[in-house]
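Here's the structure we're looking at; comments come further down.
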Amino acid sequence: MGINAHITVKGHPVEAAGLRAWAADHVDQIDAPTVVDEFFTALLAAGASKVEVSLIGEGDRLRIAAAATEPVSLPPRSSQEAGWRVIAGLSRTAGITADEHGLWAELDLGAKGIAGAFRYCNWCEGYASDVRLVAAVDVGSGAQQMTRSACTRHREKHGLTPLADRPL
């Protein structure tokens, strides 16, 4: 039998680390936690209060899907957006669900992938394995948020504490 794992988490940045660990525990595919994290970040930015994530694998394919438990409106994905470039680079194929409330990607289970969870640092304007989410700010009067992430060097330089490390 293949992989069939599902989890629902609160739409709160502190859940990101546990969600990445959950993905790593359920599937032996090096890029899966990174893709799950990118999906979670996108859904947080859309204002999701809860996020459902599924890992479904059979043979050499792994399908990762993430969606808000309530209707949210994901902004159109731009091929120039940092998170979408990460997902596209790690996936065979990826997209937004037909109802535009979720994201999905198909990965190779046997892929060696990149060496760790690389994310985009807003200060470096580049990718590194030590980047963490440091800010999620409401945008306007809607439920959307803008997120900012920083590498260790810039977190130390600017005194930034990762959201997952802050007390509730």
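Ligands are numbered from 1 in the order shown, residues from 1 within each chain, and chains are lettered A, B, ... in the order they appear in the structure tokens.
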| said: Report as a PyMOL selection string all protein, DNA and RNA residues lying within 7 Å of Val9 in chain A, evaluated on only C-alpha atoms, omitting residues in the same chain fewer than 3 positions from it. | reply: chain A and resi 15+50-52
I need the chosen residues saved as a PDB file, in the first residue's frame, with C-alpha atoms.
```pdb
ATOM      1  CA  GLU A  15       2.219  25.490  13.210  1.00  0.00           C
ATOM      2  CA  LYS A  50      -7.313  26.089   9.410  1.00  0.00           C
ATOM      3  CA  VAL A  51      -5.331  24.217   6.768  1.00  0.00           C
ATOM      4  CA  GLU A  52      -5.774  20.600   5.649  1.00  0.00           C
TER       5      GLU A  52
END
```
| query | Would you give me, as a count of residues only, the residues in chain A that DSSP reads as alpha helix (DSSP H)? | reply | 41
| said: Using only C-alpha atoms for the distances, tell me which of A:Asp60, A:Asp37, A:Asp108, A:Glu156 is nearest to Leu19 in chain A. | reply: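 Using only C-alpha atoms, the shortest distance to Leu19 in chain A belongs to A:Asp37.
Excluding Ala128 in chain A and any residue on its chain fewer than 6 positions from it, the residues at most 8 Å away by only C-alpha atoms are Phe118, Arg119, Tyr120, Cys121 and Cys151 of chain A.
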| Quick one: residues within 12 Å of Asn4 in chain A, only C-alpha atoms counted, chain neighbours fewer than 5 positions away excluded, as a list of chain:residue names? | A:Ala23, A:His26, A:Val27, A:Val53, A:Ser54, A:Leu55, A:Ile56, A:Gly57, A:Glu58, A:Leu62, A:Arg63, A:Ile64, A:Ala65
Please dump the current selection as a short mmCIF file (atom, residue, chain, number, x, y, z; two decimals), in the first residue's frame; keep C-alpha atoms.
```
data_model
loop_
_atom_site.label_atom_id
_atom_site.label_comp_id
_atom_site.auth_asym_id
_atom_site.auth_seq_id
_atom_site.Cartn_x
_atom_site.Cartn_y
_atom_site.Cartn_z
CA ALA A 23 5.57 15.71 6.35
CA HIS A 26 5.21 10.47 6.79
CA VAL A 27 7.15 10.45 3.53
CA VAL A 53 -2.73 18.87 4.14
CA SER A 54 -2.70 15.49 2.39
CA LEU A 55 0.19 13.30 1.28
CA ILE A 56 -0.86 10.59 -1.15
CA GLY A 57 1.73 8.40 -2.79
CA GLU A 58 1.75 5.32 -4.94
CA LEU A 62 3.71 11.70 -4.38
CA ARG A 63 0.80 14.13 -4.50
CA ILE A 64 0.75 16.89 -1.91
CA ALA A 65 -2.43 18.91 -1.50
#
```
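Distance-wise, CA of Glu70 in chain A and CA of Leu107 in chain A end up 26.1 Å apart.
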